[in-house]
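structure.cif (mmCIF, C-alpha atoms and all ligand atoms)
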```
data_protein
loop_
_atom_site.group_PDB
_atom_site.id
_atom_site.type_symbol
_atom_site.label_atom_id
_atom_site.label_comp_id
_atom_site.auth_asym_id
_atom_site.auth_seq_id
_atom_site.Cartn_x
_atom_site.Cartn_y
_atom_site.Cartn_z
ATOM 1 C CA MET A 9 208.491 -48.681 -121.093
ATOM 2 C CA THR A 10 208.169 -45.316 -119.452
ATOM 3 C CA THR A 11 210.487 -42.456 -120.371
ATOM 4 C CA ILE A 12 212.430 -43.032 -117.192
ATOM 5 C CA GLU A 13 212.855 -46.769 -117.777
ATOM 6 C CA ARG A 14 214.046 -46.089 -121.316
ATOM 7 C CA ILE A 15 216.647 -43.671 -120.035
ATOM 8 C CA GLU A 16 217.833 -46.067 -117.347
ATOM 9 C CA HIS A 17 218.227 -48.784 -119.974
ATOM 10 C CA ARG A 18 220.330 -46.505 -122.120
ATOM 11 C CA SER A 19 223.931 -46.566 -120.995
ATOM 12 C CA ASP A 20 225.713 -46.497 -124.334
ATOM 13 C CA THR A 21 226.043 -42.753 -124.661
ATOM 14 C CA GLN A 22 227.224 -39.858 -122.528
ATOM 15 C CA THR A 23 225.465 -37.169 -124.500
ATOM 16 C CA ALA A 24 221.873 -36.147 -125.005
ATOM 17 C CA SER A 25 221.707 -37.339 -128.601
ATOM 18 C CA ALA A 26 218.882 -36.086 -130.760
ATOM 19 C CA ALA A 27 217.307 -39.539 -130.959
ATOM 20 C CA ALA A 28 217.467 -40.051 -127.190
ATOM 21 C CA SER A 29 216.211 -36.639 -126.094
ATOM 22 C CA GLY A 30 213.752 -36.499 -128.993
ATOM 23 C CA ALA A 31 212.242 -39.881 -128.149
ATOM 24 C CA SER A 32 211.946 -38.792 -124.510
ATOM 25 C CA ALA A 33 210.306 -35.490 -125.422
ATOM 26 C CA THR A 34 207.829 -37.177 -127.779
ATOM 27 C CA GLU A 35 206.927 -39.780 -125.154
ATOM 28 C CA ARG A 36 206.616 -37.108 -122.495
ATOM 29 C CA PHE A 37 204.224 -35.144 -124.725
ATOM 30 C CA HIS A 38 201.996 -38.167 -125.206
ATOM 31 C CA ALA A 39 202.107 -39.146 -121.508
ATOM 32 C CA ASP A 40 199.647 -36.458 -120.408
ATOM 33 C CA LYS A 41 196.018 -36.357 -121.439
ATOM 34 C CA SER A 42 195.386 -36.216 -125.155
ATOM 35 C CA PRO A 43 195.987 -32.730 -126.598
ATOM 36 C CA TYR A 44 193.004 -33.395 -128.888
ATOM 37 C CA ASP A 45 190.540 -33.362 -125.963
ATOM 38 C CA ALA A 46 190.653 -29.581 -125.515
ATOM 39 C CA VAL A 47 189.756 -28.925 -129.169
ATOM 40 C CA ARG A 48 187.027 -31.583 -129.608
ATOM 41 C CA ASP A 49 184.374 -28.909 -130.224
ATOM 42 C CA THR A 50 186.327 -26.784 -132.691
ATOM 43 C CA PRO A 51 183.983 -25.981 -135.599
ATOM 44 C CA ALA A 52 185.011 -27.147 -139.078
ATOM 45 C CA GLU A 53 185.062 -23.500 -140.199
ATOM 46 C CA ARG A 54 188.016 -22.753 -137.930
ATOM 47 C CA VAL A 55 189.978 -25.865 -138.898
ATOM 48 C CA ASP A 56 189.297 -25.035 -142.561
ATOM 49 C CA LEU A 57 190.454 -21.426 -142.108
ATOM 50 C CA LEU A 58 193.694 -22.270 -140.281
ATOM 51 C CA ALA A 59 194.637 -25.185 -142.533
ATOM 52 C CA ARG A 60 193.915 -23.177 -145.702
ATOM 53 C CA GLU A 61 195.943 -20.163 -144.556
ATOM 54 C CA VAL A 62 198.983 -22.255 -143.577
ATOM 55 C CA LEU A 63 198.879 -24.157 -146.888
ATOM 56 C CA SER A 64 198.412 -20.921 -148.783
ATOM 57 C CA ALA A 65 201.535 -19.462 -147.111
ATOM 58 C CA VAL A 66 203.474 -22.552 -148.234
ATOM 59 C CA HIS A 67 202.117 -22.233 -151.787
ATOM 60 C CA ASP A 68 203.125 -18.564 -151.906
ATOM 61 C CA THR A 69 206.676 -19.424 -150.819
ATOM 62 C CA ILE A 70 206.962 -22.106 -153.515
ATOM 63 C CA ARG A 71 205.785 -19.697 -156.230
ATOM 64 C CA ARG A 72 207.814 -16.726 -155.038
ATOM 65 C CA HIS A 73 211.060 -18.697 -154.820
ATOM 66 C CA ARG A 74 210.383 -21.235 -157.610
ATOM 67 C CA VAL A 75 210.927 -24.253 -155.341
ATOM 68 C CA THR A 76 212.158 -27.241 -157.364
ATOM 69 C CA TYR A 77 211.205 -30.945 -157.218
ATOM 70 C CA ASP A 78 214.635 -31.701 -155.693
ATOM 71 C CA GLU A 79 213.913 -29.201 -152.926
ATOM 72 C CA TYR A 80 210.379 -30.525 -152.468
ATOM 73 C CA ASN A 81 211.669 -34.093 -152.137
ATOM 74 C CA ALA A 82 214.360 -33.009 -149.671
ATOM 75 C CA LEU A 83 211.655 -31.314 -147.603
ATOM 76 C CA LYS A 84 209.552 -34.483 -147.676
ATOM 77 C CA ALA A 85 212.516 -36.587 -146.515
ATOM 78 C CA TRP A 86 213.350 -34.084 -143.794
ATOM 79 C CA LEU A 87 209.801 -33.894 -142.415
ATOM 80 C CA ILE A 88 209.727 -37.703 -142.236
ATOM 81 C CA ASP A 89 213.090 -37.637 -140.407
ATOM 82 C CA VAL A 90 211.864 -35.095 -137.832
ATOM 83 C CA GLY A 91 209.143 -37.549 -136.825
ATOM 84 C CA ASN A 92 211.472 -40.554 -136.853
ATOM 85 C CA ASP A 93 213.930 -38.678 -134.605
ATOM 86 C CA GLY A 94 211.092 -37.706 -132.266
ATOM 87 C CA GLU A 95 212.035 -34.069 -132.827
ATOM 88 C CA TRP A 96 208.607 -32.545 -133.464
ATOM 89 C CA PRO A 97 208.372 -31.256 -129.852
ATOM 90 C CA LEU A 98 211.805 -29.668 -130.216
ATOM 91 C CA PHE A 99 211.102 -28.194 -133.654
ATOM 92 C CA LEU A 100 207.745 -26.714 -132.671
ATOM 93 C CA ASP A 101 208.834 -25.363 -129.297
ATOM 94 C CA VAL A 102 211.979 -23.756 -130.739
ATOM 95 C CA TRP A 103 210.486 -22.173 -133.869
ATOM 96 C CA VAL A 104 206.749 -21.800 -133.286
ATOM 97 C CA GLU A 105 205.774 -21.764 -129.591
ATOM 98 C CA HIS A 106 206.961 -18.217 -128.868
ATOM 99 C CA VAL A 107 204.218 -16.722 -131.037
ATOM 100 C CA VAL A 108 201.536 -18.919 -129.460
ATOM 101 C CA GLU A 109 202.757 -17.746 -126.046
ATOM 102 C CA GLU A 110 202.661 -14.121 -127.190
ATOM 103 C CA VAL A 111 199.046 -14.397 -128.326
ATOM 104 C CA ALA A 112 197.941 -16.414 -125.275
ATOM 105 C CA THR A 113 199.281 -13.922 -122.725
ATOM 106 C CA ASP A 114 198.967 -10.479 -124.334
ATOM 107 C CA HIS A 115 196.020 -9.545 -122.053
ATOM 108 C CA ARG A 116 198.083 -9.940 -118.876
ATOM 109 C CA SER A 117 199.166 -7.093 -116.644
ATOM 110 C CA GLY A 118 201.193 -9.292 -114.260
ATOM 111 C CA ASN A 119 204.407 -11.111 -115.100
ATOM 112 C CA LYS A 120 205.616 -11.608 -118.622
ATOM 113 C CA GLY A 121 205.785 -15.293 -119.466
ATOM 114 C CA SER A 122 207.772 -17.305 -121.938
ATOM 115 C CA ILE A 123 207.586 -20.653 -123.712
ATOM 116 C CA GLU A 124 207.444 -23.981 -121.873
ATOM 117 C CA GLY A 125 209.771 -25.845 -124.220
ATOM 118 C CA PRO A 126 209.979 -29.638 -124.537
ATOM 119 C CA TYR A 127 211.450 -30.626 -121.154
ATOM 120 C CA TYR A 128 208.828 -29.957 -118.453
ATOM 121 C CA VAL A 129 207.801 -32.912 -116.304
ATOM 122 C CA PRO A 130 204.931 -32.487 -113.809
ATOM 123 C CA GLY A 131 205.141 -33.791 -110.249
ATOM 124 C CA SER A 132 208.679 -32.809 -109.233
ATOM 125 C CA PRO A 133 209.659 -33.308 -105.568
ATOM 126 C CA GLU A 134 208.121 -30.907 -103.019
ATOM 127 C CA ARG A 135 210.592 -28.754 -101.118
ATOM 128 C CA GLY A 136 208.324 -26.362 -99.156
ATOM 129 C CA ALA A 137 208.695 -22.578 -99.268
ATOM 130 C CA ARG A 138 212.414 -22.647 -98.502
ATOM 131 C CA GLY A 139 214.678 -25.377 -99.765
ATOM 132 C CA THR A 140 217.246 -26.812 -102.115
ATOM 133 C CA ILE A 141 216.239 -28.256 -105.474
ATOM 134 C CA PRO A 142 217.143 -31.946 -105.889
ATOM 135 C CA MET A 143 220.760 -32.133 -107.067
ATOM 136 C CA ARG A 144 223.765 -34.442 -106.922
ATOM 137 C CA ASP A 145 226.244 -34.226 -104.025
ATOM 138 C CA ASN A 146 228.909 -32.971 -106.403
ATOM 139 C CA GLU A 147 226.625 -30.858 -108.615
ATOM 140 C CA GLN A 148 228.791 -28.488 -110.677
ATOM 141 C CA GLY A 149 227.949 -24.823 -111.202
ATOM 142 C CA THR A 150 227.806 -21.568 -109.244
ATOM 143 C CA PRO A 151 225.341 -21.830 -106.330
ATOM 144 C CA LEU A 152 222.323 -19.555 -106.697
ATOM 145 C CA VAL A 153 220.085 -18.369 -103.847
ATOM 146 C CA TRP A 154 216.813 -16.998 -105.175
ATOM 147 C CA GLU A 155 214.359 -15.189 -102.938
ATOM 148 C CA GLY A 156 210.984 -13.995 -104.097
ATOM 149 C CA ARG A 157 207.288 -13.629 -103.517
ATOM 150 C CA ILE A 158 204.147 -14.507 -105.411
ATOM 151 C CA THR A 159 201.527 -11.756 -105.421
ATOM 152 C CA ALA A 160 198.377 -10.853 -107.320
ATOM 153 C CA THR A 161 198.310 -7.810 -109.608
ATOM 154 C CA ASP A 162 196.791 -5.819 -106.684
ATOM 155 C CA GLY A 163 199.754 -6.722 -104.455
ATOM 156 C CA THR A 164 198.025 -9.390 -102.335
ATOM 157 C CA PRO A 165 200.506 -12.135 -101.371
ATOM 158 C CA LEU A 166 199.436 -15.523 -102.725
ATOM 159 C CA PRO A 167 199.915 -19.007 -101.337
ATOM 160 C CA GLY A 168 200.976 -20.896 -104.441
ATOM 161 C CA LYS A 169 203.640 -22.987 -106.105
ATOM 162 C CA VAL A 170 206.851 -22.372 -108.021
ATOM 163 C CA GLU A 171 207.804 -25.390 -110.111
ATOM 164 C CA LEU A 172 211.402 -24.986 -111.258
ATOM 165 C CA TRP A 173 213.323 -27.070 -113.796
ATOM 166 C CA HIS A 174 216.568 -26.362 -115.584
ATOM 167 C CA ALA A 175 219.657 -27.790 -117.253
ATOM 168 C CA ASP A 176 222.812 -28.639 -115.328
ATOM 169 C CA ALA A 177 226.210 -26.990 -115.774
ATOM 170 C CA ASP A 178 226.762 -29.159 -118.890
ATOM 171 C CA GLY A 179 223.446 -28.079 -120.418
ATOM 172 C CA PHE A 180 221.618 -31.376 -119.799
ATOM 173 C CA TYR A 181 218.064 -31.916 -118.494
ATOM 174 C CA SER A 182 217.256 -34.856 -116.252
ATOM 175 C CA GLN A 183 214.880 -37.403 -117.864
ATOM 176 C CA PHE A 184 216.023 -36.227 -121.338
ATOM 177 C CA ALA A 185 219.743 -36.990 -121.090
ATOM 178 C CA PRO A 186 221.296 -40.216 -119.795
ATOM 179 C CA ASN A 187 222.987 -40.842 -116.443
ATOM 180 C CA LEU A 188 221.237 -38.138 -114.421
ATOM 181 C CA PRO A 189 219.133 -38.792 -111.299
ATOM 182 C CA GLU A 190 215.431 -38.810 -112.213
ATOM 183 C CA TRP A 191 214.531 -35.452 -110.631
ATOM 184 C CA ASN A 192 217.894 -33.716 -110.873
ATOM 185 C CA LEU A 193 217.378 -29.925 -110.888
ATOM 186 C CA ARG A 194 213.590 -30.277 -110.815
ATOM 187 C CA GLY A 195 211.640 -29.168 -107.746
ATOM 188 C CA THR A 196 208.345 -27.731 -106.476
ATOM 189 C CA PHE A 197 208.348 -24.919 -103.899
ATOM 190 C CA THR A 198 205.058 -24.228 -102.112
ATOM 191 C CA THR A 199 204.566 -20.849 -100.474
ATOM 192 C CA GLY A 200 202.519 -20.017 -97.391
ATOM 193 C CA ASP A 201 200.068 -17.120 -97.011
ATOM 194 C CA ASP A 202 202.938 -14.596 -97.280
ATOM 195 C CA GLY A 203 203.708 -15.874 -100.811
ATOM 196 C CA GLU A 204 207.423 -15.962 -100.010
ATOM 197 C CA PHE A 205 209.950 -18.523 -101.222
ATOM 198 C CA GLU A 206 213.696 -19.073 -101.047
ATOM 199 C CA ILE A 207 215.174 -21.503 -103.543
ATOM 200 C CA ARG A 208 218.703 -22.851 -103.621
ATOM 201 C CA THR A 209 220.006 -24.247 -106.885
ATOM 202 C CA ILE A 210 222.955 -23.813 -109.271
ATOM 203 C CA MET A 211 223.356 -21.575 -112.320
ATOM 204 C CA PRO A 212 222.544 -23.513 -115.506
ATOM 205 C CA ALA A 213 224.734 -23.500 -118.628
ATOM 206 C CA PRO A 214 223.723 -22.180 -122.049
ATOM 207 C CA TYR A 215 221.844 -24.882 -123.921
ATOM 208 C CA GLN A 216 222.699 -26.140 -127.379
ATOM 209 C CA ILE A 217 219.875 -27.991 -129.060
ATOM 210 C CA PRO A 218 220.985 -31.430 -130.314
ATOM 211 C CA THR A 219 223.003 -30.997 -133.514
ATOM 212 C CA ASP A 220 222.968 -34.668 -134.588
ATOM 213 C CA GLY A 221 219.276 -34.899 -135.516
ATOM 214 C CA SER A 222 216.979 -33.324 -138.092
ATOM 215 C CA CYS A 223 216.686 -29.987 -136.285
ATOM 216 C CA GLY A 224 220.489 -29.888 -136.250
ATOM 217 C CA LYS A 225 220.500 -30.700 -139.960
ATOM 218 C CA LEU A 226 218.246 -27.721 -140.686
ATOM 219 C CA ILE A 227 220.383 -25.436 -138.504
ATOM 220 C CA ALA A 228 223.583 -26.500 -140.296
ATOM 221 C CA ALA A 229 222.032 -26.295 -143.781
ATOM 222 C CA ALA A 230 220.663 -22.796 -143.077
ATOM 223 C CA GLY A 231 223.870 -21.552 -141.457
ATOM 224 C CA TRP A 232 222.135 -20.814 -138.132
ATOM 225 C CA HIS A 233 223.473 -21.437 -134.625
ATOM 226 C CA ALA A 234 221.921 -23.913 -132.186
ATOM 227 C CA TRP A 235 222.101 -21.966 -128.921
ATOM 228 C CA ARG A 236 219.686 -20.828 -126.281
ATOM 229 C CA PRO A 237 220.980 -18.611 -123.456
ATOM 230 C CA ALA A 238 221.269 -20.153 -119.979
ATOM 231 C CA HIS A 239 217.801 -20.192 -118.459
ATOM 232 C CA LEU A 240 215.636 -21.334 -115.554
ATOM 233 C CA HIS A 241 212.168 -22.657 -116.379
ATOM 234 C CA VAL A 242 209.262 -21.990 -114.021
ATOM 235 C CA LYS A 243 205.569 -22.631 -113.721
ATOM 236 C CA VAL A 244 204.013 -20.414 -111.067
ATOM 237 C CA SER A 245 200.481 -21.126 -109.911
ATOM 238 C CA ALA A 246 197.955 -20.128 -107.275
ATOM 239 C CA PRO A 247 194.283 -21.129 -107.032
ATOM 240 C CA GLY A 248 192.095 -18.614 -108.878
ATOM 241 C CA TYR A 249 195.005 -17.134 -110.867
ATOM 242 C CA GLU A 250 196.320 -17.767 -114.350
ATOM 243 C CA LEU A 251 199.162 -20.243 -114.544
ATOM 244 C CA LEU A 252 202.381 -18.423 -115.408
ATOM 245 C CA THR A 253 204.910 -20.324 -117.503
ATOM 246 C CA ALA A 254 208.159 -18.381 -117.803
ATOM 247 C CA GLN A 255 211.907 -18.562 -118.182
ATOM 248 C CA LEU A 256 214.497 -16.469 -116.392
ATOM 249 C CA TYR A 257 217.805 -15.474 -117.926
ATOM 250 C CA PHE A 258 221.185 -14.142 -116.796
ATOM 251 C CA PRO A 259 222.705 -10.790 -117.766
ATOM 252 C CA GLY A 260 225.639 -10.825 -120.160
ATOM 253 C CA ASP A 261 224.778 -14.119 -121.858
ATOM 254 C CA PRO A 262 225.650 -13.566 -125.547
ATOM 255 C CA HIS A 263 222.588 -15.557 -126.600
ATOM 256 C CA ASN A 264 220.105 -13.288 -124.787
ATOM 257 C CA GLU A 265 220.137 -11.273 -128.022
ATOM 258 C CA ASP A 266 219.907 -14.158 -130.492
ATOM 259 C CA ASP A 267 218.078 -16.999 -128.718
ATOM 260 C CA ILE A 268 217.235 -19.593 -131.368
ATOM 261 C CA ALA A 269 213.845 -20.041 -129.651
ATOM 262 C CA ALA A 270 213.164 -16.254 -129.542
ATOM 263 C CA ALA A 271 211.986 -16.603 -125.938
ATOM 264 C CA VAL A 272 213.962 -13.884 -124.109
ATOM 265 C CA LYS A 273 212.195 -10.760 -122.828
ATOM 266 C CA PRO A 274 214.012 -7.966 -120.958
ATOM 267 C CA GLU A 275 211.665 -8.335 -117.944
ATOM 268 C CA LEU A 276 212.850 -11.941 -117.527
ATOM 269 C CA ILE A 277 216.564 -11.187 -117.128
ATOM 270 C CA LEU A 278 217.680 -11.633 -113.510
ATOM 271 C CA ASP A 279 220.126 -9.397 -111.667
ATOM 272 C CA PRO A 280 222.195 -11.792 -109.524
ATOM 273 C CA GLN A 281 224.633 -10.281 -107.027
ATOM 274 C CA PRO A 282 227.756 -11.779 -105.445
ATOM 275 C CA HIS A 283 226.904 -13.673 -102.262
ATOM 276 C CA THR A 284 228.901 -15.512 -99.604
ATOM 277 C CA GLY A 285 231.156 -18.395 -100.648
ATOM 278 C CA GLY A 286 231.226 -17.548 -104.362
ATOM 279 C CA ALA A 287 227.461 -17.962 -104.630
ATOM 280 C CA ARG A 288 225.044 -15.541 -106.299
ATOM 281 C CA ARG A 289 221.906 -14.155 -104.722
ATOM 282 C CA VAL A 290 218.942 -12.814 -106.619
ATOM 283 C CA ILE A 291 215.522 -11.426 -105.804
ATOM 284 C CA TYR A 292 212.786 -12.005 -108.379
ATOM 285 C CA ASN A 293 209.068 -11.826 -107.643
ATOM 286 C CA PHE A 294 206.047 -13.080 -109.575
ATOM 287 C CA VAL A 295 202.804 -11.199 -110.191
ATOM 288 C CA LEU A 296 199.882 -13.356 -111.286
ATOM 289 C CA ASP A 297 196.770 -12.257 -113.181
ATOM 290 C CA PRO A 298 193.375 -13.362 -111.865
ATOM 291 C CA GLU A 299 191.630 -16.075 -113.857
ATOM 292 C CA ARG A 300 189.130 -14.588 -116.301
ATOM 293 C CA ALA A 301 185.540 -15.761 -116.188
ATOM 294 C CA GLY A 302 184.697 -17.730 -119.325
ATOM 295 C CA ALA A 303 188.262 -17.585 -120.727
HETATM 296 C C1 LIG A 401 215.218 -26.012 -124.271
HETATM 297 O O1 LIG A 401 215.849 -26.179 -123.099
HETATM 298 C C2 LIG A 401 214.234 -25.123 -124.326
HETATM 299 O O2 LIG A 401 213.971 -24.446 -123.199
HETATM 300 C C3 LIG A 401 213.542 -24.910 -125.502
HETATM 301 C C4 LIG A 401 212.481 -23.896 -125.564
HETATM 302 C C5 LIG A 401 213.845 -25.634 -126.618
HETATM 303 C C6 LIG A 401 214.844 -26.555 -126.568
HETATM 304 C C7 LIG A 401 215.521 -26.743 -125.398
HETATM 305 FE FE FE A 402 215.124 -25.166 -121.561
#
```
Step by step, read the file and then write its structure as structure tokens.
Amino acid sequence: MTTIERIEHRSDTQTASAAASGASATERFHADKSPYDAVRDTPAERVDLLAREVLSAVHDTIRRHRVTYDEYNALKAWLIDVGNDGEWPLFLDVWVEHVVEEVATDHRSGNKGSIEGPYYVPGSPERGARGTIPMRDNEQGTPLVWEGRITATDGTPLPGKVELWHADADGFYSQFAPNLPEWNLRGTFTTGDDGEFEIRTIMPAPYQIPTDGSCGKLIAAAGWHAWRPAHLHVKVSAPGYELLTAQLYFPGDPHNEDDIAAAVKPELILDPQPHTGGARRVIYNFVLDPERAGA
């Protein structure tokens, strides 16, 4: 079964349970080409170095804090549970991806990016340069009109694409929570030579990562909170330029300061203004770096 068929067959729950969204995210991750392909030629020396350093950091922690057999066995059980719940994509994207993103993009002079997270799906419906993202007739949430332009670092407007995906006003992502239309709040906006776009959507809600699975168990046991601030996900692309994966945030969200995924940057916080009919209007532009030869 595909992810979508699984979700359509699942009618027993109204919430995005850890098992349901985790299974979807794990399946989604495996649906694209194998992640191993890109590292086929990695020399043994590099694998050896990375594996040894990670293990050595674990060994140091055990020695420093005198980790017991009971704690070791609990860890073993928990790691097995993360896989059984399908929560490895969630775990890694929440607690590890932000540093990978930092290293991957620190040469850029254009837009700051942010992590992709577990809920991107390629191929969302095309809406042209100006349009409304797919949504339900009665979609809840404050309407948001977002105008912007894609340019290169030298200011040249770029014909490109803005792929946008985000949670609904209840914090749920289509294809990872039940009872939502397949492409709800997922759309692709293609700009002309002027690089300009105008997107109509709704403001998303803050997102709480599922608390009923193994990631939730860790959060509860450690006394952490499970929240990410409200955010819009984007992938912005233009031929010959580096793909920009980013998230945009809203001012005043209490979790902008303590995002569990550590993915907020000040440059990514929008400045929406009151607009007609209770809507908000915002201008936010993207600046893309040219692709580097040999990178
Ligand atoms: C999300 O919506 C998200 O963006 C990340 C990074 C992790 C979990 C849920
Ligand atoms: Fe998200």
Can you check which parts of chain A lie within 7 Å of ligand LIG 401 (chain A)? Per residue, the shortest pair of atoms and distance in Å to one decimal, counting all atoms listed in the file, sorted by chain and number, as CSV.
```
residue,atom,partner,partner_atom,distance
A:Leu98,CA,A:LIG401,C6,5.7
A:Asp101,CA,A:LIG401,C4,5.4
A:Val102,CA,A:LIG401,C5,4.9
A:Ile123,CA,A:LIG401,C4,6.2
A:Glu124,CA,A:LIG401,C4,6.2
A:Gly125,CA,A:LIG401,C4,3.6
A:Pro126,CA,A:LIG401,C5,5.9
A:Tyr127,CA,A:LIG401,O1,6.6
A:Tyr215,CA,A:LIG401,O1,6.2
A:Ile217,CA,A:LIG401,C6,5.8
A:Ala269,CA,A:LIG401,C4,5.8
```
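When CA of Asp220 (chain A) is paired with CA of Arg36 (chain A), their separation reads 20.5 Å.
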Using all atoms listed in the file, which of the listed residues (A:Val90, A:Cys223, A:Val107, A:Ala28) sits closest to Tyr181 (chain A)? A:Ala28
Contacts of Gln255 (chain A) at 10 Å (only C-alpha atoms; same-chain gap of 2+ positions) as JSON, numbers by chain: {"A": [120, 121, 122, 123, 124, 125, 172, 173, 174, 238, 239, 240, 241, 242, 243, 252, 253, 257, 271, 272, 273, 276, 277]}
If we count all atoms listed in the file, what is near Asn119 (chain A) at a cut-off of 10 Å, once residues fewer than 2 positions away on the same chain are taken out, given as a CSV table (one decimal) with C-alpha atoms, in the frame of the given file?
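Saved the output as part.csv:
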```
chain,number,residue,atom,x,y,z
A,113,THR,CA,199.3,-13.9,-122.7
A,116,ARG,CA,198.1,-9.9,-118.9
A,117,SER,CA,199.2,-7.1,-116.6
A,121,GLY,CA,205.8,-15.3,-119.5
A,122,SER,CA,207.8,-17.3,-121.9
A,160,ALA,CA,198.4,-10.9,-107.3
A,161,THR,CA,198.3,-7.8,-109.6
A,252,LEU,CA,202.4,-18.4,-115.4
A,253,THR,CA,204.9,-20.3,-117.5
A,254,ALA,CA,208.2,-18.4,-117.8
A,275,GLU,CA,211.7,-8.3,-117.9
A,276,LEU,CA,212.8,-11.9,-117.5
A,293,ASN,CA,209.1,-11.8,-107.6
A,294,PHE,CA,206.0,-13.1,-109.6
A,295,VAL,CA,202.8,-11.2,-110.2
A,296,LEU,CA,199.9,-13.4,-111.3
A,297,ASP,CA,196.8,-12.3,-113.2
```
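Residues in contact with Ala287 (chain A) at up to 12 Å, not including ones fewer than 6 positions away on its chain and judged by only C-alpha atoms, are Gly149, Thr150, Pro151, Leu152, Val153, Trp154, Arg208, Thr209, Ile210, Met211, Pro280 and Gln281 of chain A.
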For the file shown, what are the residues hit by the PyMOL selection byres (((chain A and resi 191-201) around 6) and not hetatm), laid out as a PDB file with C-alpha atoms, in the frame of the given file?
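What ended up in selection07.pdb:
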```pdb
ATOM      1  CA  SER A 132     208.679 -32.809-109.233  1.00  0.00           C
ATOM      2  CA  PRO A 133     209.659 -33.308-105.568  1.00  0.00           C
ATOM      3  CA  GLU A 134     208.121 -30.907-103.019  1.00  0.00           C
ATOM      4  CA  ARG A 135     210.592 -28.754-101.118  1.00  0.00           C
ATOM      5  CA  GLY A 136     208.324 -26.362 -99.156  1.00  0.00           C
ATOM      6  CA  ALA A 137     208.695 -22.578 -99.268  1.00  0.00           C
ATOM      7  CA  ILE A 141     216.239 -28.256-105.474  1.00  0.00           C
ATOM      8  CA  PRO A 142     217.143 -31.946-105.889  1.00  0.00           C
ATOM      9  CA  MET A 143     220.760 -32.133-107.067  1.00  0.00           C
ATOM     10  CA  LEU A 166     199.436 -15.523-102.725  1.00  0.00           C
ATOM     11  CA  PRO A 167     199.915 -19.007-101.337  1.00  0.00           C
ATOM     12  CA  GLY A 168     200.976 -20.896-104.441  1.00  0.00           C
ATOM     13  CA  LYS A 169     203.640 -22.987-106.105  1.00  0.00           C
ATOM     14  CA  VAL A 170     206.851 -22.372-108.021  1.00  0.00           C
ATOM     15  CA  GLU A 171     207.804 -25.390-110.111  1.00  0.00           C
ATOM     16  CA  LEU A 172     211.402 -24.986-111.258  1.00  0.00           C
ATOM     17  CA  TRP A 173     213.323 -27.070-113.796  1.00  0.00           C
ATOM     18  CA  HIS A 174     216.568 -26.362-115.584  1.00  0.00           C
ATOM     19  CA  SER A 182     217.256 -34.856-116.252  1.00  0.00           C
ATOM     20  CA  PRO A 189     219.133 -38.792-111.299  1.00  0.00           C
ATOM     21  CA  GLU A 190     215.431 -38.810-112.213  1.00  0.00           C
ATOM     22  CA  ASP A 202     202.938 -14.596 -97.280  1.00  0.00           C
ATOM     23  CA  GLY A 203     203.708 -15.874-100.811  1.00  0.00           C
ATOM     24  CA  GLU A 204     207.423 -15.962-100.010  1.00  0.00           C
ATOM     25  CA  PHE A 205     209.950 -18.523-101.222  1.00  0.00           C
TER      26      PHE A 205
END
```
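CA of Gly179 (chain A) is found 7.3 Å from CA of Gln216 (chain A).
In this comparison, which uses only C-alpha atoms, the residue of A:Val111, A:Val104, A:Phe184, A:Arg71 approaching Val129 (chain A) most closely is A:Phe184.
For the choices A:Asp176, A:Glu61, A:Asp279, A:Asp266, the atom-to-atom distance to ligand FE 402 (chain A) is smallest for A:Asp176 when using all atoms listed in the file.
Between CA of Asp78 (chain A) and CA of Gly30 (chain A) lies a distance of 27.1 Å.
Checking A:Thr76, A:Ala229, A:Phe180, A:Ser42 one by one against ligand FE 402 (chain A), counting all atoms listed in the file, you find the shortest gap at A:Phe180.
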Closest to Ile268 (chain A) among A:Ala39, A:Ala31, A:Ala213, A:Leu100, using all atoms listed in the file? A:Leu100
Choose the residue, out of A:Tyr128, A:Phe258, A:Tyr249, A:Trp232, that has the smallest atom-to-atom separation from ligand FE 402 (chain A); count all atoms listed in the file. A:Tyr128
Please evaluate the PyMOL selection byres (((chain A and resi 86) around 12) and not hetatm) against the displayed coordinates and give the resulting residues as a ChimeraX atom specification. /A:79-85,87-93,95-96,99,221-226,229
Report, as lines of an AutoDock Vina configuration file, the centre and edge lengths in Å (one decimal) of the axis-aligned box enclosing every listed atom of region 42-54 of chain A, padded by 5 Å on each side.
```
center_x = 190.0
center_y = -29.5
center_z = -132.7
size_x = 22.0
size_y = 23.5
size_z = 25.0
```
